[in-house]
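One file, final04.cif, carrying mmCIF, C-alpha atoms and all ligand atoms:
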data_protein
#
loop_
_atom_site.label_atom_id
_atom_site.label_comp_id
_atom_site.auth_asym_id
_atom_site.auth_seq_id
_atom_site.Cartn_x
_atom_site.Cartn_y
_atom_site.Cartn_z
CA MET Z 1209 0.00 0.00 0.00
CA GLN Z 1210 1.29 3.44 -0.88
CA PRO Z 1211 1.27 6.27 1.62
CA ALA Z 1212 -1.91 8.37 1.38
CA ARG Z 1213 -0.13 11.47 0.16
CA PRO Z 1214 3.37 10.57 -0.98
CA ARG Z 1215 6.00 13.22 -0.33
CA ILE Z 1216 8.07 14.10 -3.36
CA LEU Z 1217 11.25 16.16 -3.47
CA ILE Z 1218 11.86 18.03 -6.74
CA VAL Z 1219 15.49 19.00 -7.37
CA GLU Z 1220 15.52 21.12 -10.51
CA ASP Z 1221 17.11 24.48 -11.31
CA GLU Z 1222 14.86 25.39 -14.26
CA GLU Z 1223 12.26 27.38 -12.41
CA ALA Z 1224 9.45 27.07 -14.97
CA LEU Z 1225 9.81 23.30 -15.10
CA SER Z 1226 10.14 22.93 -11.34
CA VAL Z 1227 7.02 25.02 -10.73
CA ALA Z 1228 5.07 23.11 -13.39
CA VAL Z 1229 5.99 19.78 -11.82
CA TYR Z 1230 5.31 21.08 -8.31
CA ASP Z 1231 1.86 22.44 -9.23
CA ARG Z 1232 0.91 19.25 -11.01
CA LEU Z 1233 2.01 17.03 -8.12
CA ILE Z 1234 0.02 19.11 -5.63
CA ALA Z 1235 -3.01 18.97 -7.94
CA GLU Z 1236 -2.65 15.17 -8.08
CA GLY Z 1237 -2.71 14.90 -4.29
CA TYR Z 1238 1.02 14.59 -3.63
CA GLN Z 1239 2.99 16.58 -1.12
CA ALA Z 1240 5.97 18.26 -2.74
CA GLU Z 1241 9.04 20.29 -1.89
CA GLN Z 1242 11.50 22.01 -4.16
CA ALA Z 1243 15.26 22.54 -4.21
CA THR Z 1244 17.04 24.45 -6.97
CA ASP Z 1245 20.60 23.21 -6.49
CA GLY Z 1246 22.24 19.88 -5.77
CA GLN Z 1247 23.62 20.60 -2.33
CA THR Z 1248 20.27 21.81 -0.98
CA GLY Z 1249 18.50 18.85 -2.55
CA PHE Z 1250 21.03 16.44 -1.06
CA GLN Z 1251 20.66 17.92 2.43
CA LEU Z 1252 16.86 17.80 2.24
CA ALA Z 1253 16.82 14.18 1.05
CA LEU Z 1254 19.37 13.23 3.71
CA THR Z 1255 17.66 14.84 6.68
CA ARG Z 1256 13.98 14.44 5.85
CA ARG Z 1257 11.99 11.53 4.57
CA PHE Z 1258 10.51 11.55 1.09
CA ASP Z 1259 8.77 8.79 -0.82
CA ALA Z 1260 10.63 9.72 -4.00
CA VAL Z 1261 13.06 12.28 -5.41
CA ILE Z 1262 12.76 13.80 -8.88
CA LEU Z 1263 16.36 14.72 -9.62
CA ASP Z 1264 17.70 16.75 -12.54
CA VAL Z 1265 21.20 15.78 -13.74
CA MET Z 1266 22.46 19.23 -14.69
CA LEU Z 1267 22.34 21.30 -11.52
CA PRO Z 1268 24.44 24.19 -10.23
CA GLY Z 1269 27.14 23.02 -7.82
CA LYS Z 1270 26.56 19.38 -7.02
CA SER Z 1271 25.28 17.44 -10.05
CA GLY Z 1272 22.34 15.06 -9.92
CA PHE Z 1273 24.81 12.18 -10.28
CA ASP Z 1274 26.73 13.32 -7.22
CA VAL Z 1275 23.53 13.80 -5.24
CA CYS Z 1276 22.33 10.31 -6.12
CA ARG Z 1277 25.66 8.65 -5.34
CA ASP Z 1278 26.03 10.48 -2.02
CA LEU Z 1279 22.49 9.59 -0.96
CA ARG Z 1280 23.17 5.91 -1.57
CA GLN Z 1281 26.52 6.12 0.22
CA ASN Z 1282 24.61 7.53 3.17
CA SER Z 1283 22.16 4.60 3.02
CA VAL Z 1284 19.24 6.79 1.99
CA PRO Z 1285 17.01 4.34 0.07
CA THR Z 1286 14.52 6.87 -1.31
CA PRO Z 1287 13.61 6.03 -4.95
CA VAL Z 1288 15.18 8.47 -7.42
CA LEU Z 1289 13.72 9.44 -10.79
CA MET Z 1290 16.41 11.20 -12.82
CA LEU Z 1291 15.73 13.83 -15.44
CA THR Z 1292 18.23 13.69 -18.29
CA ALA Z 1293 18.67 15.76 -21.42
CA ARG Z 1294 17.48 14.38 -24.75
CA GLY Z 1295 19.64 11.66 -26.21
CA GLN Z 1296 22.13 11.54 -23.37
CA LEU Z 1297 22.19 7.76 -23.17
CA VAL Z 1298 25.41 7.84 -21.22
CA ASP Z 1299 23.62 9.92 -18.58
CA LYS Z 1300 20.94 7.30 -18.19
CA VAL Z 1301 23.41 4.47 -17.83
CA LEU Z 1302 25.55 6.40 -15.37
CA GLY Z 1303 22.47 7.49 -13.43
CA LEU Z 1304 21.23 3.96 -13.00
CA LYS Z 1305 24.72 2.80 -12.02
CA LEU Z 1306 24.86 5.43 -9.30
CA GLY Z 1307 21.63 4.24 -7.77
CA ALA Z 1308 18.85 6.02 -9.64
CA ASP Z 1309 15.73 3.86 -9.99
CA ASP Z 1310 14.42 5.26 -13.24
CA TYR Z 1311 15.00 8.13 -15.63
CA LEU Z 1312 12.97 10.37 -17.87
CA THR Z 1313 14.30 12.29 -20.85
CA LYS Z 1314 13.56 16.00 -21.22
CA PRO Z 1315 11.32 17.34 -22.61
CA PHE Z 1316 8.60 15.07 -21.25
CA GLU Z 1317 4.84 15.10 -20.94
CA MET Z 1318 3.56 15.61 -17.43
CA MET Z 1319 1.47 12.44 -17.78
CA GLU Z 1320 4.66 10.49 -18.45
CA LEU Z 1321 6.28 11.90 -15.34
CA LEU Z 1322 3.25 10.98 -13.23
CA ALA Z 1323 3.16 7.45 -14.65
CA ARG Z 1324 6.86 6.94 -13.94
CA LEU Z 1325 6.47 8.28 -10.45
CA GLU Z 1326 3.49 6.07 -9.71
CA ALA Z 1327 5.33 3.01 -10.97
CA LEU Z 1328 8.34 3.92 -8.86
CA LEU Z 1329 6.24 4.26 -5.71
CA ARG Z 1330 4.37 1.05 -6.48
CA ARG Z 1331 7.61 -0.90 -7.00
CA ALA Z 1332 9.11 0.49 -3.81
CA HIS Z 1333 6.15 -0.67 -1.76
CA GLN Z 1334 5.54 -3.98 -3.54
CA SER Z 1335 8.96 -5.26 -2.66
CA GLU Z 1336 8.17 -4.75 1.00
CA PRO Z 1337 9.27 -7.79 2.94
CA LYS Z 1338 6.98 -9.25 5.59
CA GLY Z 1339 7.61 -9.11 9.28
CA THR Z 1340 9.58 -5.90 9.25
CA THR Z 1341 7.53 -4.18 11.93
CA TYR Z 1342 8.90 -3.95 15.44
CA ARG Z 1343 6.80 -2.93 18.43
CA PHE Z 1344 7.85 -1.63 21.83
CA GLY Z 1345 5.38 -0.19 24.33
CA GLU Z 1346 3.25 2.23 22.36
CA GLY Z 1347 5.90 2.47 19.66
CA GLU Z 1348 5.82 0.79 16.27
CA VAL Z 1349 8.62 0.84 13.69
CA ASP Z 1350 8.13 -0.19 10.07
CA PHE Z 1351 11.67 -0.77 8.85
CA TYR Z 1352 10.81 -1.12 5.22
CA ARG Z 1353 8.76 2.04 4.98
CA THR Z 1354 10.95 3.75 7.56
CA GLU Z 1355 7.82 4.84 9.35
CA VAL Z 1356 7.43 5.20 13.09
CA LYS Z 1357 4.24 5.50 15.09
CA ARG Z 1358 3.52 6.11 18.72
CA GLY Z 1359 0.09 5.21 20.05
CA GLY Z 1360 -0.99 4.76 16.42
CA ALA Z 1361 0.00 8.32 15.46
CA PRO Z 1362 2.81 8.91 12.95
CA VAL Z 1363 6.09 10.22 14.39
CA GLU Z 1364 8.41 12.22 12.13
CA LEU Z 1365 12.03 11.14 12.41
CA SER Z 1366 15.01 12.44 10.48
CA VAL Z 1367 17.10 9.90 8.58
CA LYS Z 1368 19.75 9.86 11.31
CA GLU Z 1369 17.19 9.55 14.09
CA PHE Z 1370 15.68 6.59 12.29
CA GLN Z 1371 19.05 4.94 11.70
CA LEU Z 1372 19.96 5.43 15.34
CA LEU Z 1373 16.65 3.91 16.45
CA GLN Z 1374 17.18 1.00 14.07
CA HIS Z 1375 20.68 0.39 15.43
CA PHE Z 1376 19.30 0.44 18.97
CA ILE Z 1377 16.54 -2.03 18.13
CA GLU Z 1378 18.89 -4.35 16.24
CA HIS Z 1379 21.16 -4.39 19.29
CA ARG Z 1380 18.52 -4.29 22.00
CA GLY Z 1381 19.73 -5.25 25.44
CA VAL Z 1382 23.31 -4.36 24.49
CA VAL Z 1383 25.15 -1.35 25.90
CA LEU Z 1384 26.33 0.75 22.98
CA SER Z 1385 29.07 3.30 23.50
CA ARG Z 1386 28.82 6.75 21.96
CA ASP Z 1387 31.88 5.94 19.84
CA GLU Z 1388 30.28 2.81 18.43
CA LEU Z 1389 27.05 4.66 17.69
CA LEU Z 1390 29.02 7.42 15.96
CA ASP Z 1391 30.90 4.85 13.87
CA ARG Z 1392 27.89 2.80 12.92
CA VAL Z 1393 25.27 5.49 12.41
CA TRP Z 1394 27.28 8.55 11.38
CA GLY Z 1395 30.34 6.77 9.98
CA TYR Z 1396 30.38 8.43 6.61
CA ASP Z 1397 29.66 11.96 7.76
CA ALA Z 1398 32.44 14.48 7.98
CA THR Z 1399 33.16 15.36 11.61
CA PRO Z 1400 30.44 14.30 13.98
CA VAL Z 1401 31.16 14.95 17.64
CA THR Z 1402 30.30 12.75 20.59
CA ARG Z 1403 27.64 15.20 21.65
CA THR Z 1404 25.80 14.40 18.40
CA VAL Z 1405 24.76 11.05 19.86
CA ASP Z 1406 23.40 12.61 23.06
CA VAL Z 1407 21.43 15.19 21.10
CA HIS Z 1408 19.85 12.57 18.87
CA VAL Z 1409 19.07 10.30 21.82
CA SER Z 1410 17.35 13.23 23.49
CA TRP Z 1411 15.29 13.87 20.35
CA LEU Z 1412 14.32 10.21 20.08
CA ARG Z 1413 13.26 10.15 23.72
CA GLN Z 1414 11.14 13.26 23.25
CA LYS Z 1415 9.43 11.70 20.26
CA LEU Z 1416 9.04 8.14 21.52
CA GLU Z 1417 9.08 8.01 25.31
CA ALA Z 1418 5.94 8.65 27.37
CA ASP Z 1419 8.11 10.56 29.86
CA PRO Z 1420 11.37 11.62 28.17
CA ALA Z 1421 12.93 12.52 31.53
CA HIS Z 1422 12.39 8.95 32.75
CA PRO Z 1423 12.86 6.82 29.64
CA GLN Z 1424 11.64 3.23 29.60
CA PHE Z 1425 13.28 2.15 26.34
CA ILE Z 1426 16.27 4.27 25.41
CA LEU Z 1427 18.22 3.94 28.63
CA THR Z 1428 21.43 5.61 29.74
CA ALA Z 1429 24.13 3.14 30.77
CA HIS Z 1430 26.09 5.20 33.27
CA ARG Z 1431 29.49 6.26 31.85
CA ARG Z 1432 29.24 3.66 29.11
CA GLY Z 1433 26.65 4.81 26.61
CA TYR Z 1434 23.10 3.75 25.88
CA LYS Z 1435 21.01 0.63 25.82
CA PHE Z 1436 17.67 -0.10 24.18
CA ALA Z 1437 15.36 -2.05 26.47
CA GLY Z 1438 12.45 -2.81 24.12
CA CA Z 1501 19.09 21.65 -15.03
#
Rewritten as structure tokens:
Amino acid sequence: MQPARPRILIVEDEEALSVAVYDRLIAEGYQAEQATDGQTGFQLALTRRFDAVILDVMLPGKSGFDVCRDLRQNSVPTPVLMLTARGQLVDKVLGLKLGADDYLTKPFEMMELLARLEALLRRAHQSEPKGTTYRFGEGEVDFYRTEVKRGGAPVELSVKEFQLLQHFIEHRGVVLSRDELLDRVWGYDATPVTRTVDVHVSWLRQKLEADPAHPQFILTAHRRGYKFAG
């Protein structure tokens, strides 16, 4: 099942095209956000959750190829639909190699874009494996959809918050040092500091614990780190 109103990120520097796509997506019942350069698009896709990214290849600064590659290197699984210029077969091949899921050649009909997008979302959700939901207390984590609920209500987590929660759950009952969490969850990022872990743990507690000051699940292991007790 697809999400009720899929969230789409549009990374495109041609304003007229970006606006046309944005307006059409909204009219079709999607939620949409726009970025006009690669770096901004990359940051948005890295820190917030989207159901798909529409990604132009030729962008100021960071190219669509670089954005796609860096997202995959950061374990962001969001489906990517690349927009390539007419006849640039090499672009398509390279795009798919770097982790894009599909491509569309400019200029395109809006109907074609919508069809590709729908297919992309359908494929992403059809391949959902069974038994990927984990429950703790009032919390519920759907690993495939990367969705979290508390008391049945959706909880918005950033990509890093989700990855941290996943690491906790996969290692429940085990004391995890801040250094290990930094290595495993932030490994690829430039210069995370130890405090990063504490800040994210605090955010997770605020979002998932009934009483964040007295957590039941994300516990502090005195002087050693943290432990998930789900
Ligand atoms: Ca462009």
Worksheet item: Counting all atoms listed in the file, which residues come within 12 Å of (6.9, 7.5, 20.8), with the point read in the file's coordinates, and could you list them as a count of residues only?
Response: 33
Item to complete: Could you give me, as number ranges by chain, the residues within 9 Å of Leu1263 of chain Z, counting all atoms listed in the file and dropping anything in the same chain fewer than 6 positions from it?
Response: Z: 1217-1220, 1246, 1249, 1272-1273, 1275-1276, 1288-1292
Using 6 Å as the limit and counting all atoms listed in the file, can you tabulate each residue of chain Z that touches ligand CA 1501 (chain Z), with its shortest atom-to-atom distance in Å and the two atoms involved, as JSON lines?
{"residue": "Z:Glu1220", "atom": "CA", "partner": "Z:CA1501", "partner_atom": "CA", "distance": 5.8}
{"residue": "Z:Asp1221", "atom": "CA", "partner": "Z:CA1501", "partner_atom": "CA", "distance": 5.1}
{"residue": "Z:Glu1222", "atom": "CA", "partner": "Z:CA1501", "partner_atom": "CA", "distance": 5.7}
{"residue": "Z:Asp1264", "atom": "CA", "partner": "Z:CA1501", "partner_atom": "CA", "distance": 5.7}
{"residue": "Z:Met1266", "atom": "CA", "partner": "Z:CA1501", "partner_atom": "CA", "distance": 4.2}
{"residue": "Z:Leu1267", "atom": "CA", "partner": "Z:CA1501", "partner_atom": "CA", "distance": 4.8}
Fill in: Atomic distance atom CA of Asn1282 of chain Z - atom CA of Asp1387 of chain Z, expressed in Å with one decimal
18.3 Å
Worksheet item: atom CA of Pro1287 of chain Z and atom CA of Asp1309 of chain Z are how many Å apart?
Response: 5.9 Å
Item to complete: Find the distance between atom CA of His1379 of chain Z and atom CA of Asp1406 of chain Z and write it in Å to one decimal.
Response: 17.6 Å
Worksheet item: Hey, what's within 12 Å of Thr1354 of chain Z if we count only C-alpha atoms and toss same-chain stuff fewer than 6 positions away? As a list in words, please?
Response: Pro1211, Arg1256, Arg1257, Phe1258, Asp1259, Val1284, Pro1285, Thr1286, Ala1332, His1333, Glu1336, Thr1340, Thr1341, Tyr1342, Glu1348, Pro1362, Val1363, Glu1364, Leu1365, Ser1366, Val1367, Lys1368, Glu1369, Phe1370, Gln1371, Leu1373 and Gln1374 of chain Z
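Across Z:Lys1305, Z:Asp1310, Z:Trp1394, Z:Arg1213, the tightest approach to Leu1254 of chain Z is made by Z:Trp1394 when counting all atoms listed in the file.
Of the residues under consideration (Z:Ala1437, Z:Val1265, Z:Leu1233, Z:Ala1429), Z:Leu1233 shows the shortest atom-to-atom contact distance to Met1319 of chain Z when counting all atoms listed in the file.
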Worksheet item: From the list Z:Asp1231, Z:Glu1320, Z:Asp1278, Z:Glu1378, which residue is nearest Gln1251 of chain Z when using only C-alpha atoms?
Response: Z:Asp1278
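Shortest separation to Phe1351 of chain Z among Z:Ala1323, Z:Ile1377, Z:Leu1329, Z:Ser1271 occurs at residue Z:Ile1377, atoms counted being all atoms listed in the file.
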